[in-house]
file start.cif (mmCIF, C-alpha atoms)
data_start
#
loop_
_atom_site.label_atom_id
_atom_site.label_comp_id
_atom_site.auth_asym_id
_atom_site.auth_seq_id
_atom_site.Cartn_x
_atom_site.Cartn_y
_atom_site.Cartn_z
CA MET A 3 5.97 -17.48 14.38
CA VAL A 4 5.90 -14.07 16.05
CA PRO A 5 3.20 -11.90 14.37
CA MET A 6 4.95 -9.48 12.03
CA PHE A 7 2.06 -7.10 11.41
CA ARG A 8 0.62 -4.75 14.00
CA LEU A 9 -2.48 -2.60 13.66
CA GLU A 10 -2.34 0.86 15.20
CA THR A 11 -5.36 3.14 15.12
CA ASP A 12 -5.00 6.83 15.84
CA GLY A 13 -8.29 8.64 15.30
CA PRO A 14 -8.93 8.76 11.55
CA VAL A 15 -5.73 6.87 10.65
CA ALA A 16 -5.22 3.09 10.76
CA ARG A 17 -1.62 1.93 10.39
CA VAL A 18 -0.58 -1.58 9.41
CA VAL A 19 2.98 -1.75 10.74
CA ILE A 20 5.44 -4.37 9.47
CA GLU A 21 7.77 -5.41 12.28
CA ARG A 22 10.27 -8.09 11.39
CA GLY A 23 13.32 -5.89 11.17
CA GLU A 24 15.74 -8.68 11.98
CA LYS A 25 14.74 -10.24 8.63
CA ARG A 26 14.45 -6.89 6.80
CA ASN A 27 10.68 -7.35 6.99
CA ALA A 28 10.75 -10.29 4.58
CA ILE A 29 7.31 -11.91 4.57
CA PRO A 30 7.12 -15.69 5.10
CA ILE A 31 4.42 -17.70 3.36
CA ALA A 32 2.30 -17.83 6.52
CA GLY A 33 2.70 -14.07 6.95
CA TRP A 34 0.61 -13.18 3.91
CA SER A 35 -2.60 -14.47 5.51
CA VAL A 36 -1.74 -12.49 8.65
CA LEU A 37 -1.31 -9.37 6.52
CA GLU A 38 -4.66 -9.99 4.86
CA ARG A 39 -6.38 -10.33 8.24
CA VAL A 40 -4.81 -7.19 9.69
CA VAL A 41 -5.63 -5.16 6.58
CA GLY A 42 -9.21 -6.38 6.86
CA GLU A 43 -9.35 -5.16 10.46
CA ALA A 44 -7.97 -1.78 9.39
CA ALA A 45 -10.53 -1.54 6.57
CA ALA A 46 -13.38 -2.37 8.97
CA SER A 47 -12.31 0.28 11.49
CA ASP A 48 -13.67 3.82 11.68
CA ALA A 49 -10.43 5.16 10.19
CA ARG A 50 -10.63 7.33 7.09
CA LEU A 51 -7.48 5.93 5.54
CA VAL A 52 -5.14 2.95 5.90
CA VAL A 53 -1.37 3.38 5.98
CA ILE A 54 1.11 0.54 5.43
CA THR A 55 4.49 1.25 6.95
CA SER A 56 7.42 -0.33 8.78
CA SER A 57 8.77 -0.08 12.30
CA ASP A 58 12.31 -0.38 10.87
CA PRO A 59 13.64 2.77 9.12
CA GLU A 60 16.21 0.63 7.32
CA SER A 61 13.70 -1.61 5.55
CA PHE A 62 10.14 -1.28 4.32
CA CYS A 63 9.94 -4.86 3.05
CA ALA A 64 12.57 -7.15 1.52
CA GLY A 65 9.84 -9.15 -0.23
CA ALA A 66 9.26 -12.86 0.20
CA ASP A 67 11.31 -14.76 2.78
CA LEU A 68 14.11 -16.34 0.74
CA SER A 69 14.83 -18.90 3.48
CA GLU A 70 11.62 -20.68 2.42
CA PHE A 71 12.54 -20.89 -1.26
CA PRO A 72 14.36 -24.27 -1.01
CA MET A 73 11.09 -25.99 -0.02
CA LEU A 74 9.45 -24.56 -3.14
CA MET A 75 11.93 -26.48 -5.27
CA GLU A 76 10.46 -29.79 -4.10
CA ASP A 77 6.90 -29.07 -2.96
CA VAL A 78 4.49 -28.21 -5.78
CA ARG A 79 1.58 -27.73 -3.36
CA LYS A 80 3.60 -25.20 -1.37
CA ARG A 81 4.18 -23.17 -4.52
CA HIS A 82 0.43 -22.92 -5.02
CA VAL A 83 -0.07 -21.96 -1.38
CA PHE A 84 2.59 -19.24 -1.62
CA ARG A 85 1.24 -17.72 -4.82
CA GLY A 86 -2.36 -17.87 -3.63
CA ALA A 87 -1.68 -16.39 -0.18
CA MET A 88 0.34 -13.52 -1.61
CA ALA A 89 -2.27 -12.79 -4.30
CA SER A 90 -5.10 -12.87 -1.78
CA ALA A 91 -3.38 -10.44 0.59
CA LEU A 92 -2.55 -7.96 -2.16
CA SER A 93 -6.07 -8.21 -3.56
CA ARG A 94 -7.42 -7.42 -0.09
CA ILE A 95 -5.33 -4.24 0.02
CA ARG A 96 -6.55 -3.19 -3.42
CA ALA A 97 -10.14 -3.82 -2.33
CA VAL A 98 -10.03 -1.55 0.73
CA GLY A 99 -12.85 0.97 0.32
CA LYS A 100 -10.94 3.92 1.73
CA PRO A 101 -7.63 5.56 0.72
CA THR A 102 -4.49 3.48 1.22
CA VAL A 103 -0.98 4.91 1.48
CA ALA A 104 2.39 3.12 1.62
CA VAL A 105 5.09 4.99 3.57
CA ILE A 106 8.45 3.62 2.46
CA GLU A 107 11.73 3.99 4.31
CA GLY A 108 14.81 1.93 3.51
CA GLY A 109 14.76 -1.06 1.20
CA CYS A 110 11.69 -2.05 -0.79
CA PHE A 111 12.44 -5.15 -2.84
CA GLY A 112 10.66 -7.91 -4.75
CA ALA A 113 7.21 -8.60 -3.33
CA GLY A 114 7.71 -5.54 -1.13
CA VAL A 115 7.31 -3.44 -4.27
CA SER A 116 4.08 -5.30 -5.02
CA LEU A 117 2.92 -4.58 -1.48
CA ALA A 118 3.57 -0.87 -1.89
CA ASN A 119 2.03 -0.85 -5.37
CA ALA A 120 -1.20 -2.39 -4.05
CA CYS A 121 -1.84 0.90 -2.24
CA ASP A 122 -3.34 3.99 -3.85
CA MET A 123 -0.22 6.06 -3.40
CA ARG A 124 3.37 5.75 -2.21
CA ILE A 125 5.40 8.24 -0.17
CA ALA A 126 9.13 7.52 0.11
CA GLY A 127 11.82 8.81 2.38
CA PRO A 128 14.95 10.14 0.66
CA ARG A 129 16.94 7.01 1.63
CA ALA A 130 14.44 4.53 0.21
CA SER A 131 15.61 2.13 -2.49
CA PHE A 132 13.74 -0.22 -4.82
CA ALA A 133 14.49 -3.38 -6.79
CA ILE A 134 12.52 -6.20 -8.41
CA THR A 135 14.91 -9.12 -8.76
CA PRO A 136 13.27 -12.40 -9.86
CA ALA A 137 15.59 -12.49 -12.88
CA ARG A 138 18.55 -12.87 -10.50
CA PHE A 139 17.00 -16.02 -9.04
CA GLY A 140 15.69 -17.69 -12.18
CA ILE A 141 12.05 -17.21 -11.22
CA SER A 142 9.13 -15.10 -12.46
CA TYR A 143 6.74 -12.55 -10.95
CA PRO A 144 2.93 -12.63 -10.58
CA GLN A 145 1.12 -11.21 -13.61
CA PRO A 146 -1.21 -8.88 -11.65
CA ASP A 147 1.81 -7.36 -9.91
CA LEU A 148 3.65 -6.76 -13.17
CA ALA A 149 0.49 -5.27 -14.68
CA ARG A 150 0.22 -2.85 -11.75
CA LEU A 151 3.91 -1.96 -12.11
CA ALA A 152 3.44 -1.22 -15.82
CA GLU A 153 0.34 0.85 -15.00
CA LEU A 154 2.40 3.03 -12.67
CA VAL A 155 5.66 3.46 -14.58
CA GLY A 156 4.82 2.40 -18.13
CA PRO A 157 5.73 -0.84 -19.93
CA GLY A 158 9.24 0.30 -20.86
CA GLN A 159 10.27 1.28 -17.34
CA ALA A 160 8.63 -1.88 -15.97
CA ALA A 161 10.70 -3.93 -18.40
CA ARG A 162 13.82 -2.05 -17.37
CA LEU A 163 13.19 -2.80 -13.69
CA VAL A 164 12.41 -6.50 -14.03
CA TYR A 165 14.77 -7.41 -16.87
CA GLY A 166 17.72 -5.49 -15.45
CA ALA A 167 16.92 -6.22 -11.78
CA GLU A 168 18.72 -3.00 -10.85
CA THR A 169 18.35 -1.10 -7.61
CA ILE A 170 17.11 2.46 -7.95
CA ASP A 171 17.02 5.22 -5.35
CA ALA A 172 14.07 7.29 -4.22
CA ALA A 173 14.77 10.11 -6.65
CA GLU A 174 14.74 7.76 -9.63
CA ALA A 175 11.63 6.00 -8.32
CA HIS A 176 9.91 9.37 -8.14
CA ARG A 177 11.09 10.37 -11.62
CA ILE A 178 9.59 7.29 -13.27
CA GLY A 179 6.38 7.33 -11.21
CA LEU A 180 6.98 4.39 -8.90
CA VAL A 181 6.37 6.73 -5.95
CA GLU A 182 4.25 9.85 -5.92
CA MET A 183 6.17 11.82 -3.31
CA ILE A 184 9.52 12.05 -1.56
CA ASP A 185 9.29 13.41 1.96
CA ALA A 186 12.54 14.40 3.66
CA SER A 187 10.90 15.48 6.92
CA ASP A 188 11.43 13.74 10.24
CA ARG A 189 7.93 12.25 10.03
CA ILE A 190 7.78 10.83 6.55
CA GLY A 191 4.35 11.02 4.99
CA GLU A 192 2.59 12.54 7.99
CA SER A 193 1.77 15.84 6.32
CA MET A 194 -0.08 14.16 3.45
CA ILE A 195 -1.66 11.60 5.78
CA GLY A 196 -2.94 14.45 7.94
CA ARG A 197 -4.39 16.26 4.94
CA ILE A 198 -6.24 13.14 3.79
CA ALA A 199 -7.48 12.37 7.31
CA SER A 200 -8.95 15.88 7.68
CA ASN A 201 -11.22 15.48 4.66
CA ALA A 202 -14.79 14.21 4.47
CA PRO A 203 -15.16 10.45 5.04
CA TYR A 204 -18.00 10.22 2.50
CA SER A 205 -15.91 11.97 -0.14
CA LEU A 206 -12.86 9.80 0.48
CA CYS A 207 -14.82 6.58 0.04
CA ALA A 208 -16.73 7.89 -2.98
CA LEU A 209 -13.57 9.16 -4.67
CA LYS A 210 -11.79 5.86 -3.99
CA ALA A 211 -14.66 3.95 -5.62
CA THR A 212 -14.66 6.33 -8.58
CA LEU A 213 -10.90 6.05 -9.12
CA ALA A 214 -11.23 2.26 -9.00
CA GLY A 215 -14.11 2.25 -11.48
CA ARG A 216 -16.39 0.39 -9.10
CA TRP A 217 -20.13 -0.06 -9.55
CA GLY A 218 -22.53 2.56 -8.24
CA VAL A 219 -20.30 5.63 -8.48
CA ASP A 220 -22.99 7.72 -10.21
CA LYS A 221 -25.33 7.13 -7.28
CA ARG A 222 -22.53 8.00 -4.85
CA PHE A 223 -22.06 11.29 -6.70
CA ASP A 224 -25.77 12.14 -6.52
CA ASP A 225 -26.18 11.03 -2.89
CA ALA A 226 -23.25 13.15 -1.74
CA PHE A 227 -25.36 16.29 -1.95
CA ALA A 228 -27.63 14.90 0.77
CA SER A 229 -24.83 13.73 3.04
CA PRO A 230 -23.99 15.28 6.43
CA ASP A 231 -20.44 15.73 5.18
CA PHE A 232 -21.62 18.00 2.37
CA VAL A 233 -23.81 20.01 4.77
CA GLU A 234 -20.78 20.60 7.04
CA GLY A 235 -18.39 21.23 4.17
CA PHE A 236 -20.63 23.80 2.52
CA LYS A 237 -21.36 25.58 5.81
CA ALA A 238 -17.64 25.76 6.53
CA PHE A 239 -16.94 27.14 3.06
CA LYS A 240 -19.54 29.89 3.42
CA ALA A 241 -18.28 30.74 6.90
CA GLY A 242 -14.64 30.82 5.82
CA ARG A 243 -13.62 28.19 8.35
CA LYS A 244 -12.08 24.74 8.24
CA PRO A 245 -14.71 21.97 8.12
CA ASP A 246 -15.06 19.61 11.05
CA PHE A 247 -16.02 16.19 9.73
CA ALA A 248 -17.12 13.99 12.60
CA GLY A 249 -16.73 10.76 10.61
#

call {"tool": "encode", "arguments": {"input": "start.cif", "output": "structure tokens"}}
result
Amino acid sequence: MVPMFRLETDGPVARVVIERGEKRNAIPIAGWSVLERVVGEAAASDARLVVITSSDPESFCAGADLSEFPMLMEDVRKRHVFRGAMASALSRIRAVGKPTVAVIEGGCFGAGVSLANACDMRIAGPRASFAITPARFGISYPQPDLARLAELVGPGQAARLVYGAETIDAAEAHRIGLVEMIDASDRIGESMIGRIASNAPYSLCALKATLAGRWGVDKRFDDAFASPDFVEGFKAFKAGRKPDFAG
């Protein structure tokens, strides 16, 4: 199988790029472990944030590869492998210790929505569309992914999306809270990505841990006042200049 995830690093930004446009970026079972590995490499890099995006403007991710579903009818072990690999990859994204952003152009369906939702925030292009369609196929959806969906849009809207299996556009996704921003510029998401990347690395990691409710956040708060990032940030504030965080 041709690798469908590419890691690009550009200074403070690490991009995990999905590139299987001929299949609308549908992820095969074996692809989830590749995604987990590439995300791990991005998390271990010197980048200040990790972006998940697509090389195909027509599709962010069509979800799981439906061509593999017939084998799941007969092979119980394969079902366990599929569920476990997908859960492990999405858990790895949620565990990244720095900000994560999904930039969504085109279709975002099924497990593709779970992939986007595993990130801290989602920025959509105006032509993005979203659907969660297990009810059309007579299957279910992983509980952690539905819980995350309900956390973002509320239980009622989550029920609407999964029970009705309807496709919604970017404007509706933004209205209900499935995405945080719509960016109609030629370089979708780059303005926000640039703003995040210009901020203090220590602060970004500490704020990510605090938002996630992880252990040790009180110590991170106290230690920040002795960090080089705070020294630079405070000097820049007093001098009326933009801070220069070396990383």

call {"tool": "residues_around", "arguments": {"input": "start.cif", "residues": "Pro144 in chain A", "least_positions_apart": "2", "cutoff": "10 Å", "atoms": "only C-alpha atoms", "output": "ChimeraX atom specification"}}
result
/A:85,88-89,113,116,142,146-149

call {"tool": "closest_atom_pairs", "arguments": {"input": "start.cif", "of": "range 13-131 of chain A", "to": "range 216-223 of chain A", "cutoff": "12 Å", "atoms": "all atoms listed in the file", "output": "CSV"}}
result
residue,atom,partner,partner_atom,distance
A:Arg96,CA,A:Arg216,CA,11.9
A:Ala97,CA,A:Arg216,CA,10.1
A:Val98,CA,A:Arg216,CA,11.9
A:Gly99,CA,A:Arg216,CA,10.1

call {"tool": "residues_around", "arguments": {"input": "start.cif", "residues": "range 175-177 of chain A", "least_positions_apart": "3", "cutoff": "10 Å", "atoms": "only C-alpha atoms", "output": "number ranges by chain"}}
result
A: 124-126, 130-133, 155, 169-172, 180-184

call {"tool": "closest_residue", "arguments": {"input": "start.cif", "among": "A:Ser200, A:Ser47, A:Ser61, A:Ser187", "to": "Asn27 in chain A", "atoms": "all atoms listed in the file"}}
result
A:Ser61

call {"tool": "closest_residue", "arguments": {"input": "start.cif", "among": "A:Phe71, A:Phe227, A:Phe111, A:Phe236", "to": "Glu168 in chain A", "atoms": "all atoms listed in the file"}}
result
A:Phe111

call {"tool": "residues_near_point", "arguments": {"input": "start.cif", "point": "(14.4, -12.0, 1.2)", "cutoff": "8 Å", "atoms": "all atoms listed in the file", "output": "PyMOL selection string"}}
result
chain A and resi 25-26+28-29+64-69

call {"tool": "atom_distance", "arguments": {"input": "start.cif", "atom1": "CA of Gly23 in chain A", "atom2": "CA of Asp58 in chain A"}}
result
5.6 Å

call {"tool": "resolve_selection", "arguments": {"input": "start.cif", "expression": "the PyMOL selection byres ((chain A and resi 101-109) around 6)", "output": "PyMOL selection string"}}
result
chain A and resi 51-55+59-62+100+110+118+121-127+129-131

call {"tool": "residues_around", "arguments": {"input": "start.cif", "residues": "Val18 in chain A", "least_positions_apart": "2", "cutoff": "12 Å", "atoms": "all atoms listed in the file", "output": "MDAnalysis selection string"}}
result
chainID A and resid 6:12 15:16 20:21 36:45 49 51:57 62 95 102:105 117 121

call {"tool": "atom_distance", "arguments": {"input": "start.cif", "atom1": "CA of Asn119 in chain A", "atom2": "CA of Pro30 in chain A"}}
result
18.9 Å

call {"tool": "decode", "arguments": {"input": "start.cif", "residues": "range 218-234 of chain A", "atoms": "all heavy atoms", "output": "PDB file, in the first residue's frame"}}
result
ATOM      1  N   GLY A 218      -0.469  17.930  36.945  1.00  0.00           N
ATOM      2  CA  GLY A 218       0.689  18.804  37.035  1.00  0.00           C
ATOM      3  C   GLY A 218       0.488  20.205  36.505  1.00  0.00           C
ATOM      4  O   GLY A 218       1.460  20.951  36.359  1.00  0.00           O
ATOM      5  N   VAL A 219      -0.752  20.596  36.208  1.00  0.00           N
ATOM      6  CA  VAL A 219      -0.952  21.906  35.586  1.00  0.00           C
ATOM      7  C   VAL A 219      -0.691  23.054  36.566  1.00  0.00           C
ATOM      8  O   VAL A 219      -0.295  24.146  36.154  1.00  0.00           O
ATOM      9  CB  VAL A 219      -2.364  22.024  34.967  1.00  0.00           C
ATOM     10  CG1 VAL A 219      -2.500  21.071  33.797  1.00  0.00           C
ATOM     11  CG2 VAL A 219      -3.452  21.762  36.007  1.00  0.00           C
ATOM     12  N   ASP A 220      -0.881  22.833  37.866  1.00  0.00           N
ATOM     13  CA  ASP A 220      -0.573  23.892  38.829  1.00  0.00           C
ATOM     14  C   ASP A 220       0.924  24.194  38.833  1.00  0.00           C
ATOM     15  O   ASP A 220       1.344  25.358  38.872  1.00  0.00           O
ATOM     16  CB  ASP A 220      -1.028  23.484  40.228  1.00  0.00           C
ATOM     17  CG  ASP A 220      -2.540  23.511  40.381  1.00  0.00           C
ATOM     18  OD1 ASP A 220      -3.203  24.122  39.513  1.00  0.00           O
ATOM     19  OD2 ASP A 220      -3.050  22.924  41.349  1.00  0.00           O
ATOM     20  N   LYS A 221       1.731  23.147  38.771  1.00  0.00           N
ATOM     21  CA  LYS A 221       3.180  23.342  38.726  1.00  0.00           C
ATOM     22  C   LYS A 221       3.590  24.045  37.437  1.00  0.00           C
ATOM     23  O   LYS A 221       4.468  24.913  37.430  1.00  0.00           O
ATOM     24  CB  LYS A 221       3.906  22.016  38.857  1.00  0.00           C
ATOM     25  CG  LYS A 221       5.430  22.148  38.963  1.00  0.00           C
ATOM     26  CD  LYS A 221       6.080  20.807  39.195  1.00  0.00           C
ATOM     27  CE  LYS A 221       7.581  20.971  39.460  1.00  0.00           C
ATOM     28  NZ  LYS A 221       8.289  21.672  38.380  1.00  0.00           N
ATOM     29  N   ARG A 222       2.943  23.663  36.326  1.00  0.00           N
ATOM     30  CA  ARG A 222       3.242  24.336  35.057  1.00  0.00           C
ATOM     31  C   ARG A 222       2.952  25.835  35.171  1.00  0.00           C
ATOM     32  O   ARG A 222       3.703  26.664  34.655  1.00  0.00           O
ATOM     33  CB  ARG A 222       2.409  23.740  33.920  1.00  0.00           C
ATOM     34  CG  ARG A 222       2.859  22.364  33.438  1.00  0.00           C
ATOM     35  CD  ARG A 222       1.885  21.867  32.380  1.00  0.00           C
ATOM     36  NE  ARG A 222       2.186  20.528  31.925  1.00  0.00           N
ATOM     37  CZ  ARG A 222       2.891  20.244  30.842  1.00  0.00           C
ATOM     38  NH1 ARG A 222       3.370  21.234  30.099  1.00  0.00           N
ATOM     39  NH2 ARG A 222       3.126  19.009  30.473  1.00  0.00           N
ATOM     40  N   PHE A 223       1.841  26.170  35.812  1.00  0.00           N
ATOM     41  CA  PHE A 223       1.490  27.580  35.985  1.00  0.00           C
ATOM     42  C   PHE A 223       2.573  28.310  36.778  1.00  0.00           C
ATOM     43  O   PHE A 223       3.042  29.379  36.391  1.00  0.00           O
ATOM     44  CB  PHE A 223       0.137  27.697  36.692  1.00  0.00           C
ATOM     45  CG  PHE A 223      -0.304  29.114  36.932  1.00  0.00           C
ATOM     46  CD1 PHE A 223      -1.023  29.800  35.959  1.00  0.00           C
ATOM     47  CD2 PHE A 223       0.003  29.767  38.124  1.00  0.00           C
ATOM     48  CE1 PHE A 223      -1.429  31.119  36.177  1.00  0.00           C
ATOM     49  CE2 PHE A 223      -0.393  31.075  38.346  1.00  0.00           C
ATOM     50  CZ  PHE A 223      -1.103  31.753  37.366  1.00  0.00           C
ATOM     51  N   ASP A 224       2.984  27.715  37.906  1.00  0.00           N
ATOM     52  CA  ASP A 224       3.995  28.361  38.753  1.00  0.00           C
ATOM     53  C   ASP A 224       5.335  28.466  38.029  1.00  0.00           C
ATOM     54  O   ASP A 224       6.004  29.504  38.071  1.00  0.00           O
ATOM     55  CB  ASP A 224       4.170  27.566  40.052  1.00  0.00           C
ATOM     56  CG  ASP A 224       2.923  27.592  40.924  1.00  0.00           C
ATOM     57  OD1 ASP A 224       2.015  28.405  40.648  1.00  0.00           O
ATOM     58  OD2 ASP A 224       2.840  26.782  41.865  1.00  0.00           O
ATOM     59  N   ASP A 225       5.743  27.374  37.360  1.00  0.00           N
ATOM     60  CA  ASP A 225       7.050  27.344  36.705  1.00  0.00           C
ATOM     61  C   ASP A 225       7.153  28.312  35.536  1.00  0.00           C
ATOM     62  O   ASP A 225       8.256  28.723  35.156  1.00  0.00           O
ATOM     63  CB  ASP A 225       7.362  25.923  36.214  1.00  0.00           C
ATOM     64  CG  ASP A 225       7.647  24.955  37.349  1.00  0.00           C
ATOM     65  OD1 ASP A 225       7.775  25.420  38.497  1.00  0.00           O
ATOM     66  OD2 ASP A 225       7.734  23.741  37.082  1.00  0.00           O
ATOM     67  N   ALA A 226       6.017  28.668  34.960  1.00  0.00           N
ATOM     68  CA  ALA A 226       6.039  29.558  33.790  1.00  0.00           C
ATOM     69  C   ALA A 226       6.742  30.877  34.079  1.00  0.00           C
ATOM     70  O   ALA A 226       7.388  31.458  33.199  1.00  0.00           O
ATOM     71  CB  ALA A 226       4.620  29.818  33.295  1.00  0.00           C
ATOM     72  N   PHE A 227       6.627  31.347  35.320  1.00  0.00           N
ATOM     73  CA  PHE A 227       7.201  32.650  35.653  1.00  0.00           C
ATOM     74  C   PHE A 227       8.731  32.623  35.704  1.00  0.00           C
ATOM     75  O   PHE A 227       9.366  33.678  35.749  1.00  0.00           O
ATOM     76  CB  PHE A 227       6.637  33.150  36.986  1.00  0.00           C
ATOM     77  CG  PHE A 227       5.165  33.473  36.893  1.00  0.00           C
ATOM     78  CD1 PHE A 227       4.210  32.554  37.307  1.00  0.00           C
ATOM     79  CD2 PHE A 227       4.732  34.676  36.360  1.00  0.00           C
ATOM     80  CE1 PHE A 227       2.853  32.832  37.208  1.00  0.00           C
ATOM     81  CE2 PHE A 227       3.380  34.967  36.248  1.00  0.00           C
ATOM     82  CZ  PHE A 227       2.438  34.041  36.670  1.00  0.00           C
ATOM     83  N   ALA A 228       9.305  31.416  35.660  1.00  0.00           N
ATOM     84  CA  ALA A 228      10.760  31.291  35.608  1.00  0.00           C
ATOM     85  C   ALA A 228      11.245  30.832  34.240  1.00  0.00           C
ATOM     86  O   ALA A 228      12.432  30.567  34.065  1.00  0.00           O
ATOM     87  CB  ALA A 228      11.248  30.311  36.684  1.00  0.00           C
ATOM     88  N   SER A 229      10.353  30.770  33.278  1.00  0.00           N
ATOM     89  CA  SER A 229      10.726  30.242  31.965  1.00  0.00           C
ATOM     90  C   SER A 229      11.343  31.325  31.083  1.00  0.00           C
ATOM     91  O   SER A 229      11.014  32.513  31.206  1.00  0.00           O
ATOM     92  CB  SER A 229       9.491  29.668  31.265  1.00  0.00           C
ATOM     93  OG  SER A 229       8.613  30.703  30.855  1.00  0.00           O
ATOM     94  N   PRO A 230      12.231  30.944  30.165  1.00  0.00           N
ATOM     95  CA  PRO A 230      12.775  31.913  29.205  1.00  0.00           C
ATOM     96  C   PRO A 230      11.687  32.569  28.352  1.00  0.00           C
ATOM     97  O   PRO A 230      11.824  33.734  27.962  1.00  0.00           O
ATOM     98  CB  PRO A 230      13.715  31.065  28.352  1.00  0.00           C
ATOM     99  CG  PRO A 230      14.074  29.895  29.203  1.00  0.00           C
ATOM    100  CD  PRO A 230      12.856  29.618  30.024  1.00  0.00           C
ATOM    101  N   ASP A 231      10.626  31.817  28.083  1.00  0.00           N
ATOM    102  CA  ASP A 231       9.532  32.396  27.291  1.00  0.00           C
ATOM    103  C   ASP A 231       8.892  33.576  28.021  1.00  0.00           C
ATOM    104  O   ASP A 231       8.546  34.591  27.408  1.00  0.00           O
ATOM    105  CB  ASP A 231       8.469  31.331  26.990  1.00  0.00           C
ATOM    106  CG  ASP A 231       8.885  30.391  25.877  1.00  0.00           C
ATOM    107  OD1 ASP A 231       9.945  30.630  25.256  1.00  0.00           O
ATOM    108  OD2 ASP A 231       8.161  29.410  25.639  1.00  0.00           O
ATOM    109  N   PHE A 232       8.700  33.449  29.328  1.00  0.00           N
ATOM    110  CA  PHE A 232       8.108  34.555  30.073  1.00  0.00           C
ATOM    111  C   PHE A 232       9.055  35.759  30.106  1.00  0.00           C
ATOM    112  O   PHE A 232       8.620  36.912  29.967  1.00  0.00           O
ATOM    113  CB  PHE A 232       7.768  34.128  31.505  1.00  0.00           C
ATOM    114  CG  PHE A 232       7.268  35.266  32.346  1.00  0.00           C
ATOM    115  CD1 PHE A 232       6.035  35.845  32.095  1.00  0.00           C
ATOM    116  CD2 PHE A 232       8.041  35.784  33.383  1.00  0.00           C
ATOM    117  CE1 PHE A 232       5.577  36.902  32.860  1.00  0.00           C
ATOM    118  CE2 PHE A 232       7.594  36.840  34.151  1.00  0.00           C
ATOM    119  CZ  PHE A 232       6.356  37.405  33.893  1.00  0.00           C
ATOM    120  N   VAL A 233      10.356  35.501  30.288  1.00  0.00           N
ATOM    121  CA  VAL A 233      11.334  36.592  30.285  1.00  0.00           C
ATOM    122  C   VAL A 233      11.242  37.375  28.979  1.00  0.00           C
ATOM    123  O   VAL A 233      11.165  38.612  28.967  1.00  0.00           O
ATOM    124  CB  VAL A 233      12.758  36.050  30.495  1.00  0.00           C
ATOM    125  CG1 VAL A 233      13.789  37.158  30.295  1.00  0.00           C
ATOM    126  CG2 VAL A 233      12.899  35.432  31.884  1.00  0.00           C
ATOM    127  N   GLU A 234      11.214  36.650  27.837  1.00  0.00           N
ATOM    128  CA  GLU A 234      11.132  37.308  26.533  1.00  0.00           C
ATOM    129  C   GLU A 234       9.788  37.999  26.349  1.00  0.00           C
ATOM    130  O   GLU A 234       9.711  39.136  25.869  1.00  0.00           O
ATOM    131  CB  GLU A 234      11.363  36.294  25.421  1.00  0.00           C
ATOM    132  CG  GLU A 234      10.984  36.746  24.019  1.00  0.00           C
ATOM    133  CD  GLU A 234      11.718  37.992  23.543  1.00  0.00           C
ATOM    134  OE1 GLU A 234      12.762  38.368  24.145  1.00  0.00           O
ATOM    135  OE2 GLU A 234      11.242  38.612  22.569  1.00  0.00           O
TER     136      GLU A 234
END
